[in-house]
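Chemist: Attaching a single structure in structure tokens format; questions to follow.
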Amino acid sequence: MSSSKEKPKDQQPKSAFSRRSWLQGAGVSGSVLSTGLLAEDAQAQTAANVMSGEVEITLDINGKKRSVKVEPRVTLLDALRNRLDLTGAKRVCDRGTCGACTMIVGGKVMYGCSVLAVDAVGKPIQTIEGIAPEGQLHPVSKAFVNHDAQQCGYCTPGFIMATKGFLDRNPNPTTEQIDKALSGNLCRCGTYMGMKAAVLEAAKEIKNG
Amino acid sequence: MADYKWPPMDKRRVMGKRIARLDGPMKSSGRAKYPSDMNRSDLLFGALLTSPHAHAKVTGIDLAAAKAIKGVTAIRVISGPGTEIQWAGTEVAAVSAVTEEIARDAVKAIKVTYEVLPHLVKEDNLAKVGARAKAAGEQVTGDPDKAFAEAEAKTAGDYGIPVITHCCLEPHGSVVAWGKDKIDFWPSTQAVSTVGGDLAKMLELPATQVHVDCQYMGGGFGAKFPADRWGAEAARLSKESGGRPVKMFLDRATELTIAGVRPSHFAKIKVAGKKDGTITGWQSESWATGGIGGGGMAPLPYVFTNIPNRRMNHTQVSLNTGPARAWRAPNHPQASFLTCAAITDFADAIKMDPYEVFFKNAAVSARPETYRKQLAKAAELIDWKKKYTHGAQKTGTLRRGLGIGIATWGGAGHASKCKITIHPDGTVEVELGSQDIGTATRTCITQVAAETLGLPMSGVKVKLGDNSYPPSGPSGGSTTIGGVSSSTRKAAVNALEKLFEKVAPSLGVTPDQLEADDSRVVVKGNPAKAMSWKQACQKMGPTPISEMGENEPRTAAREGLNTQGASGIQMAEVEVDIETGVVRIIEVVAVQDCGLVVNPKTAESQVAGAMIMSVCSALMEERITDQTTGRVLNADMEFYKLAGLPDVGKLTVHMDITPEHDARGIIGLGEPCAIGGIAAIANAAANALGVRVPMVPLTPERVLAALANRRNA
């Protein structure tokens, strides 16, 4: 279970309703949406208590503890974008379809629009801002630049986080696996041509470290 | 007069090279700040209340409950009592509040009453649109009746392409702050130099009072030129909230409902010709909608404009749906699909390879030789001659087919001014009130300036996205790269001349004997006599050199820096499962000319992106409206479908980069490559199936229905 168990009770809020439970109810699944975390939280929600109004929570973002006041209905994505100025993850569909808000939560690749901020307490959150030190590029970012796998760039951070999470699990991917792993992200400009080569190059670069 | 001509193709060091886009690292690290990413300490959030009815009169609005919500800073009525709403999603009221959640609560708390009026939101069946149809008149050339009466072969077909949306990933919107002396406006825009004036006009303020800043923007495709009602309302909310900045971006449903669509186009087309494939007659009865304003006729017949005997009738259909906006190559993708489908069906009927029919009838296009060369190149790349068989010969469950689509576009450079400043320390600034909408504009401008000044890419700092820089046109119609490259070239040549005047005495020559190369100022023909760029710049004294360059569309063609007239051919190979109706892309090939190519790497990306957009439109995209409720049923990204990485097959891009094309100067690229793909894919499916699926997108349902119709026939 998540480490939120170790927190004092007033810091582990559970909402009566979350978009995530809606996602489960609607039978939404995808290669990017990890069902493991959903299942855990569905159990947790059976003992949910009701919250209302703003609550102060502490999130573990890119290795730093950040306090933020949110209403229970605020998604992790909106908490990051609107309250913590972490705007790399984008809000596009806001319904768990397009992957522009992809981030790694509790070690799993998630859509930030489909996780409530209060449910992310106690889970390490990694965003695009946290994958490389300031002024440096992560190998995945670098490979996307090299292969011009971006145009307007609005979907790019989501693709890069999906790729990073995928390569963390599968350092030696085939092109078929890449197709599947990135099928939970959408681009409108049409930047897929260079993308497979970028993912393969990034995999190689990460291995050669 | 200064010589602005492009340096010879084989002498270029930076232009024409495959250089990675300069803002790539900012975008791929999440550090690029788009307008929707702007945060300010006292930021307010705006939200819109929109009409649930497609046609209605507002009879009353009660704001009391919304006003009582703590955290609401201002509420504005946009469509007051008496206003007639013409499409669902019309803006009725706007709210600003200290959090986005409170703004949404307030929107929900506003009570609006409507008198609901009859609406029409569907146009696929012209017989059912009644008085909403408005005939646009008949155009006749030659003697179509005679041509059809005497034809050796005649075909008739029904074709349709629905309304699609722009679906920009960054929704329309802005952050705006109504300050004491000026309005700071951060819109997601493709029109940096004009959108400020547009906002000022809506607010009845002098244009000088609006400062525009847009460094990055998340996709426009033709939908993001104006300041828009929601931009003006955000400004007014800011004013009414004491000048605090207001962020208001459309939610996804509203974005897909009101922020722009590409008009539909339907047509009943008859083609007459000879058994050798020569087309002699064309008749089309077409109709289209782009919302309440109807939809004009696409340029029919497309590319084969000089078919000798033609009759065209068009009807505009007015619907209660969100209005059209320019969508990458307005009306051309529809025209290409309708024309190429009808010609392919003609070829099919006379049992000729459509390649031969396209090749032969290129004679009635404006550029026969270019199209024939491109057809041959595309056929070679997709291995057409080896793979093509007539549809009637296909067997098995998985059937493959080939198809062709054709494109034409203008693409001359827009009006643009560029200011280049060379500082005494050798650093160089290039300023244009232009925008990089994902087309690598920043990168290309840097290449042009670096090439001209003899500097590396790192020696030039390009600044865009601010309306205090010299004005450039909006990025529409594939006009940007031609415009900004030409103005940059001229500014750089002018600045260099001034620098040479300062440097020449030290080298004991006249200014016209100098050239800039490899970060040095060199005496022509005497490379030993030179000084470094830095040393040269020190000669100018403490005052920087600052020069302008201008691209003026009326004289640009004479100067040879940019021109118009791009051609393109796309071919597709698809595989159709005749049991499930699923169409899968095997390969799409594009052969495209656009004159001088500044950056082949990013140009190829743009072409491939347009091919992927064509895959979306050919297989998936359709705005679906519901006549009962008058609403868009798929105003989300779950059911408004876009292609993902696994859906696009192999993409092969061939840019026509030759001395002959290069000599024409720069021609725009964004539109021409976004035209032919839909036709190519639809024709490939028709070839695979041996039957025409009349309407795109080629959904399994439509594919299976076309097969069933053939069985029943």
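We label chains A, B, ... in the order they appear in the structure tokens, count residues from 1 in each chain, and number ligands from 1 in the order shown.
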List every residue of range 166-400 of chain B that DSSP, applied to the backbone, labels as alpha helix (DSSP H), and write the result as a PyMOL selection string.
Modeler: chain B and resi 192-202+228-240+252-258+332-349+354-361+368-382+384-387
Chemist: With C-alpha atoms kept, could you save the residues just selected as a short mmCIF file (atom, residue, chain, number, x, y, z; two decimals), in the first residue's frame?
Modeler:
```cif
data_model
loop_
_atom_site.label_atom_id
_atom_site.label_comp_id
_atom_site.auth_asym_id
_atom_site.auth_seq_id
_atom_site.Cartn_x
_atom_site.Cartn_y
_atom_site.Cartn_z
CA VAL B 192 1.11 38.42 -32.87
CA SER B 193 1.17 41.70 -34.81
CA THR B 194 -2.58 41.96 -35.42
CA VAL B 195 -4.30 40.36 -32.44
CA GLY B 196 -3.54 43.33 -30.14
CA GLY B 197 -5.28 45.74 -32.50
CA ASP B 198 -8.18 43.32 -32.73
CA LEU B 199 -8.55 43.29 -28.95
CA ALA B 200 -8.23 47.07 -28.73
CA LYS B 201 -11.00 47.47 -31.29
CA MET B 202 -13.33 45.19 -29.33
CA ASP B 228 -12.13 36.57 -29.77
CA ARG B 229 -15.07 37.38 -27.58
CA TRP B 230 -13.60 35.36 -24.72
CA GLY B 231 -10.38 37.43 -24.97
CA ALA B 232 -12.31 40.69 -24.74
CA GLU B 233 -14.45 39.38 -21.88
CA ALA B 234 -11.36 38.24 -19.97
CA ALA B 235 -10.02 41.79 -20.35
CA ARG B 236 -13.27 43.30 -19.06
CA LEU B 237 -13.34 40.85 -16.15
CA SER B 238 -9.81 41.95 -15.33
CA LYS B 239 -10.86 45.60 -15.41
CA GLU B 240 -13.83 44.91 -13.16
CA ARG B 252 -12.33 21.02 -24.23
CA ALA B 253 -16.04 20.69 -24.95
CA THR B 254 -16.36 24.40 -25.74
CA GLU B 255 -13.15 24.32 -27.78
CA LEU B 256 -14.57 21.58 -29.98
CA THR B 257 -17.99 23.25 -30.21
CA ILE B 258 -17.31 26.91 -30.98
CA HIS B 332 -8.59 22.54 -50.70
CA PRO B 333 -8.58 19.17 -48.89
CA GLN B 334 -12.32 18.87 -49.58
CA ALA B 335 -11.86 19.85 -53.23
CA SER B 336 -8.98 17.43 -53.65
CA PHE B 337 -10.96 14.58 -52.11
CA LEU B 338 -14.07 15.21 -54.22
CA THR B 339 -12.15 15.65 -57.47
CA CYS B 340 -9.63 12.85 -57.07
CA ALA B 341 -12.37 10.43 -55.96
CA ALA B 342 -14.48 11.20 -59.03
CA ILE B 343 -11.48 10.88 -61.37
CA THR B 344 -10.39 7.62 -59.75
CA ASP B 345 -13.92 6.24 -60.17
CA PHE B 346 -13.83 7.27 -63.83
CA ALA B 347 -10.50 5.46 -64.28
CA ASP B 348 -11.95 2.44 -62.52
CA ALA B 349 -14.99 2.37 -64.79
CA PRO B 354 -5.78 5.79 -62.20
CA TYR B 355 -2.10 6.69 -62.32
CA GLU B 356 -2.36 6.83 -66.12
CA VAL B 357 -5.55 8.89 -65.96
CA PHE B 358 -4.03 11.42 -63.53
CA PHE B 359 -0.87 11.55 -65.64
CA LYS B 360 -2.75 12.12 -68.87
CA ASN B 361 -5.15 14.73 -67.48
CA PRO B 368 1.42 19.63 -66.20
CA GLU B 369 5.13 18.88 -66.17
CA THR B 370 5.56 19.39 -62.43
CA TYR B 371 2.63 17.11 -61.63
CA ARG B 372 3.84 14.44 -64.05
CA LYS B 373 7.30 14.44 -62.50
CA GLN B 374 5.77 14.27 -59.03
CA LEU B 375 3.39 11.48 -60.01
CA ALA B 376 6.31 9.49 -61.38
CA LYS B 377 8.39 10.08 -58.23
CA ALA B 378 5.57 9.16 -55.87
CA ALA B 379 4.77 6.05 -57.91
CA GLU B 380 8.41 5.02 -57.72
CA LEU B 381 8.50 5.53 -53.94
CA ILE B 382 5.34 3.53 -53.27
CA TRP B 384 2.85 1.68 -57.72
CA LYS B 385 3.47 -0.13 -61.00
CA LYS B 386 4.34 -3.39 -59.29
CA LYS B 387 1.60 -3.23 -56.68
#
```
Chemist: Got a sec to pull out which chain A residues are within 7 Å of chain B, counting only C-alpha atoms, and send them as a PyMOL selection string?
Modeler: chain A and resi 85+87-88+92-93+97-98+128-129+137+141+145-146+148+151-154+156-157+179+182-183+185-186+188-193
Chemist: Store the residues of this selection in a file with C-alpha atoms, as a PDB file, in the first residue's frame.
Modeler:
```
ATOM      1  CA  ASP A  85       3.527  26.777 -11.197  1.00  0.00           C
ATOM      2  CA  THR A  87       3.146  23.857 -16.019  1.00  0.00           C
ATOM      3  CA  GLY A  88       5.105  21.304 -18.028  1.00  0.00           C
ATOM      4  CA  VAL A  92      -5.816  19.263 -23.033  1.00  0.00           C
ATOM      5  CA  CYS A  93      -8.701  16.773 -22.889  1.00  0.00           C
ATOM      6  CA  THR A  97      -7.723  10.467 -23.179  1.00  0.00           C
ATOM      7  CA  CYS A  98      -4.869  12.458 -24.691  1.00  0.00           C
ATOM      8  CA  ILE A 128       8.686  16.697 -16.755  1.00  0.00           C
ATOM      9  CA  GLU A 129      10.391  19.390 -14.666  1.00  0.00           C
ATOM     10  CA  LEU A 137      18.129  17.561 -21.069  1.00  0.00           C
ATOM     11  CA  SER A 141      13.989  14.955 -24.363  1.00  0.00           C
ATOM     12  CA  VAL A 145      14.778  17.193 -30.304  1.00  0.00           C
ATOM     13  CA  ASN A 146      17.219  15.251 -32.494  1.00  0.00           C
ATOM     14  CA  ASP A 148      12.155  16.554 -34.483  1.00  0.00           C
ATOM     15  CA  GLN A 151       6.071  20.887 -33.578  1.00  0.00           C
ATOM     16  CA  CYS A 152       3.902  23.174 -31.448  1.00  0.00           C
ATOM     17  CA  GLY A 153       5.216  21.134 -28.529  1.00  0.00           C
ATOM     18  CA  TYR A 154       2.088  21.141 -26.385  1.00  0.00           C
ATOM     19  CA  THR A 156       5.567  16.829 -26.054  1.00  0.00           C
ATOM     20  CA  PRO A 157       6.047  16.779 -22.258  1.00  0.00           C
ATOM     21  CA  ASP A 179       3.539   1.837 -30.563  1.00  0.00           C
ATOM     22  CA  LEU A 182       2.688   5.618 -26.585  1.00  0.00           C
ATOM     23  CA  SER A 183      -0.841   4.866 -27.796  1.00  0.00           C
ATOM     24  CA  ASN A 185      -0.904   9.981 -25.983  1.00  0.00           C
ATOM     25  CA  LEU A 186      -2.175  12.113 -28.857  1.00  0.00           C
ATOM     26  CA  ARG A 188      -2.430  17.173 -33.238  1.00  0.00           C
ATOM     27  CA  CYS A 189       0.440  18.551 -35.339  1.00  0.00           C
ATOM     28  CA  GLY A 190       1.356  14.990 -36.317  1.00  0.00           C
ATOM     29  CA  THR A 191       4.837  14.467 -34.890  1.00  0.00           C
ATOM     30  CA  TYR A 192       4.848  10.682 -34.891  1.00  0.00           C
ATOM     31  CA  MET A 193       7.282  10.266 -37.803  1.00  0.00           C
TER      32      MET A 193
END
```
Chemist: So, with only C-alpha atoms as the atoms that count, which of A:Gly99, A:Pro72, A:Gly194, A:Gly112 lies closest to His147 in chain A?
Modeler: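 Under the stated criterion, the closest residue is A:Gly194.
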Chemist: Give me the residues near range 166-169 of chain A as JSON, numbers by chain, where near means some atom within 12 Å (using only C-alpha atoms) and where sequence neighbours in that chain fewer than 2 positions away do not count.
Modeler: {"A": [31, 32, 33, 34, 102, 103, 104, 107, 108, 109, 110, 131, 139, 140, 159, 160, 161, 162, 163, 164, 171, 172, 173, 174, 177, 178, 179, 180, 181, 182, 183, 184, 198, 199, 200, 201, 202, 203, 204, 205, 206, 207]}
Chemist: Nearest to Pro474 in chain B: which of B:Gly293, B:Gly459, B:Gly222, B:Gly690 is it, counting only C-alpha atoms?
Modeler: B:Gly222
